[in-house]
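Peer 1: Input file: entry_5.txt. Contents: compact mmCIF, N, CA and C atoms.
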```
# COMPACT_ATOMS: atom_id res chain seq x y z
N MET T 22 -107.89 156.09 85.37
CA MET T 22 -106.52 156.33 85.83
C MET T 22 -105.68 155.06 85.75
N ASN T 23 -106.30 153.92 85.91
CA ASN T 23 -105.58 152.66 85.86
C ASN T 23 -104.95 152.43 84.48
N GLU T 24 -105.67 152.81 83.42
CA GLU T 24 -105.14 152.65 82.06
C GLU T 24 -103.91 153.54 81.86
N LEU T 25 -103.96 154.72 82.44
CA LEU T 25 -102.82 155.63 82.33
C LEU T 25 -101.60 155.06 83.05
N ALA T 26 -101.82 154.43 84.18
CA ALA T 26 -100.71 153.82 84.92
C ALA T 26 -100.11 152.66 84.13
N ILE T 27 -100.95 151.87 83.50
CA ILE T 27 -100.45 150.76 82.67
C ILE T 27 -99.62 151.31 81.52
N LEU T 28 -100.13 152.35 80.89
CA LEU T 28 -99.40 152.97 79.78
C LEU T 28 -98.06 153.54 80.25
N ALA T 29 -98.09 154.21 81.39
CA ALA T 29 -96.88 154.90 81.86
C ALA T 29 -95.81 153.94 82.35
N PHE T 30 -96.18 152.85 82.98
CA PHE T 30 -95.19 152.01 83.64
C PHE T 30 -94.91 150.68 82.94
N ILE T 31 -95.72 150.31 81.96
CA ILE T 31 -95.51 149.03 81.28
C ILE T 31 -95.30 149.22 79.79
N VAL T 32 -96.23 149.88 79.13
CA VAL T 32 -96.19 149.99 77.67
C VAL T 32 -95.05 150.89 77.22
N THR T 33 -94.94 152.06 77.81
CA THR T 33 -93.91 153.00 77.37
C THR T 33 -92.48 152.45 77.58
N PRO T 34 -92.14 151.89 78.74
CA PRO T 34 -90.79 151.31 78.86
C PRO T 34 -90.56 150.15 77.88
N ALA T 35 -91.60 149.38 77.61
CA ALA T 35 -91.45 148.28 76.65
C ALA T 35 -91.13 148.82 75.25
N ILE T 36 -91.78 149.90 74.88
CA ILE T 36 -91.50 150.52 73.57
C ILE T 36 -90.07 151.04 73.53
N VAL T 37 -89.62 151.67 74.60
CA VAL T 37 -88.25 152.19 74.66
C VAL T 37 -87.23 151.05 74.55
N VAL T 38 -87.49 149.95 75.23
CA VAL T 38 -86.59 148.80 75.16
C VAL T 38 -86.56 148.24 73.75
N MET T 39 -87.70 148.13 73.10
CA MET T 39 -87.74 147.60 71.73
C MET T 39 -86.98 148.51 70.77
N ILE T 40 -87.15 149.81 70.91
CA ILE T 40 -86.42 150.76 70.04
C ILE T 40 -84.92 150.62 70.27
N GLY T 41 -84.51 150.49 71.52
CA GLY T 41 -83.09 150.31 71.82
C GLY T 41 -82.55 149.03 71.23
N TYR T 42 -83.32 147.95 71.31
CA TYR T 42 -82.89 146.66 70.75
C TYR T 42 -82.70 146.77 69.24
N VAL T 43 -83.65 147.39 68.56
CA VAL T 43 -83.54 147.56 67.11
C VAL T 43 -82.33 148.43 66.77
N ALA T 44 -82.10 149.47 67.53
CA ALA T 44 -80.95 150.36 67.27
C ALA T 44 -79.64 149.60 67.41
N VAL T 45 -79.53 148.76 68.43
CA VAL T 45 -78.30 147.98 68.62
C VAL T 45 -78.10 147.01 67.47
N ARG T 46 -79.15 146.34 67.05
CA ARG T 46 -79.04 145.39 65.93
C ARG T 46 -78.63 146.10 64.65
N LEU T 47 -79.21 147.27 64.38
CA LEU T 47 -78.83 148.04 63.19
C LEU T 47 -77.37 148.47 63.26
N GLN T 48 -76.93 148.87 64.43
CA GLN T 48 -75.53 149.29 64.59
C GLN T 48 -74.59 148.11 64.35
N GLU T 49 -74.93 146.93 64.88
CA GLU T 49 -74.10 145.76 64.68
C GLU T 49 -74.02 145.38 63.20
N GLU T 50 -75.15 145.44 62.52
CA GLU T 50 -75.16 145.11 61.09
C GLU T 50 -74.34 146.11 60.29
N ALA T 51 -74.45 147.39 60.63
CA ALA T 51 -73.65 148.40 59.95
C ALA T 51 -72.17 148.14 60.17
N GLY T 52 -71.80 147.74 61.38
CA GLY T 52 -70.40 147.42 61.67
C GLY T 52 -69.91 146.24 60.86
N ARG T 53 -70.76 145.21 60.72
CA ARG T 53 -70.37 144.05 59.92
C ARG T 53 -70.18 144.42 58.46
N ARG T 54 -71.08 145.26 57.96
CA ARG T 54 -70.95 145.69 56.55
C ARG T 54 -69.69 146.52 56.36
N TYR T 55 -69.41 147.41 57.33
CA TYR T 55 -68.21 148.24 57.24
C TYR T 55 -66.97 147.36 57.28
N ASP T 56 -66.94 146.37 58.18
CA ASP T 56 -65.78 145.48 58.28
C ASP T 56 -65.58 144.71 56.99
N ALA T 57 -66.66 144.23 56.38
CA ALA T 57 -66.56 143.48 55.13
C ALA T 57 -66.04 144.38 54.01
N ALA T 58 -66.52 145.62 53.96
CA ALA T 58 -66.08 146.55 52.93
C ALA T 58 -64.60 146.91 53.14
N ALA T 59 -64.20 147.10 54.37
CA ALA T 59 -62.80 147.43 54.66
C ALA T 59 -61.89 146.27 54.30
N LEU T 60 -62.32 145.06 54.59
CA LEU T 60 -61.53 143.88 54.25
C LEU T 60 -61.40 143.75 52.73
N GLU T 61 -62.48 143.98 52.02
CA GLU T 61 -62.43 143.90 50.55
C GLU T 61 -61.52 144.98 50.00
N GLN T 62 -61.59 146.18 50.54
CA GLN T 62 -60.72 147.26 50.08
C GLN T 62 -59.26 146.91 50.35
N HIS T 63 -58.97 146.30 51.48
CA HIS T 63 -57.60 145.87 51.79
C HIS T 63 -57.14 144.83 50.77
N ARG T 64 -58.00 143.90 50.45
CA ARG T 64 -57.63 142.88 49.46
C ARG T 64 -57.35 143.51 48.10
N VAL T 65 -58.16 144.48 47.73
CA VAL T 65 -57.99 145.12 46.42
C VAL T 65 -56.67 145.89 46.39
N THR T 66 -56.39 146.65 47.44
CA THR T 66 -55.20 147.50 47.41
C THR T 66 -53.92 146.73 47.62
N THR T 67 -53.97 145.60 48.32
CA THR T 67 -52.73 144.84 48.58
C THR T 67 -52.57 143.64 47.65
N GLY T 68 -53.63 143.31 46.94
CA GLY T 68 -53.56 142.14 46.07
C GLY T 68 -53.62 140.83 46.82
N ALA T 69 -54.09 140.88 48.05
CA ALA T 69 -54.19 139.65 48.86
C ALA T 69 -55.29 138.76 48.28
N PRO T 70 -55.06 137.46 48.25
CA PRO T 70 -56.09 136.55 47.73
C PRO T 70 -57.25 136.43 48.69
N ARG T 71 -58.39 136.11 48.14
CA ARG T 71 -59.56 135.85 48.99
C ARG T 71 -59.43 134.48 49.61
N SER T 72 -59.83 134.38 50.85
CA SER T 72 -59.71 133.08 51.51
C SER T 72 -61.01 132.30 51.44
```
Produce structure tokens that represent the structure in this file.

Peer 2:
Amino acid sequence: MNELAILAFIVTPAIVVMIGYVAVRLQEEAGRRYDAAALEQHRVTTGAPRS
């Protein structure tokens, strides 16, 4: 029963936290890529020079 308690109260929450951390990092990276693509599209359509 002790192993089950360790699994239930330590291992499982740790896995959930790790999955959440990875999800947040992926979301941030997707946002950065979207921002970069939007900026490039703005430059293309307006003829603005790259800085």

Peer 1: Could you jot down the CA of Ala26 (chain T) to atom C of Gly41 (chain T) separation for me, Å, one decimal place?

Peer 2: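 Going from CA of Ala26 (chain T) over to atom C of Gly41 (chain T), I get 23.2 Å.
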
Peer 1: Measure the distance from CA of Leu47 (chain T) to CA of Pro70 (chain T) in Å and round it to one decimal.

Peer 2: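 Pair CA of Leu47 (chain T) / CA of Pro70 (chain T) returns 29.8 Å.
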
Peer 1: As an exercise, work out the distance from CA of Gln62 (chain T) to CA of Gln48 (chain T) in Å and give it to one decimal place.

Peer 2: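 Separating CA of Gln62 (chain T) from CA of Gln48 (chain T) is a distance of 20.8 Å.
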
Peer 1: Output, as AutoDock Vina command-line options, the centre and edge lengths in Å (one decimal) of the axis-aligned box that contains all listed atoms of region 38-45 of chain T with 4 Å of margin on each side.

Peer 2:
```
--center_x -82.9 --center_y 148.7 --center_z 71.0 --size_x 17.6 --size_y 12.1 --size_z 16.5
```

Peer 1: Please, which residues of chain T, numbered as in this document, come out alpha helix (DSSP H) from DSSP, as a PyMOL selection string?

Peer 2: chain T and resi 23-27+33-67
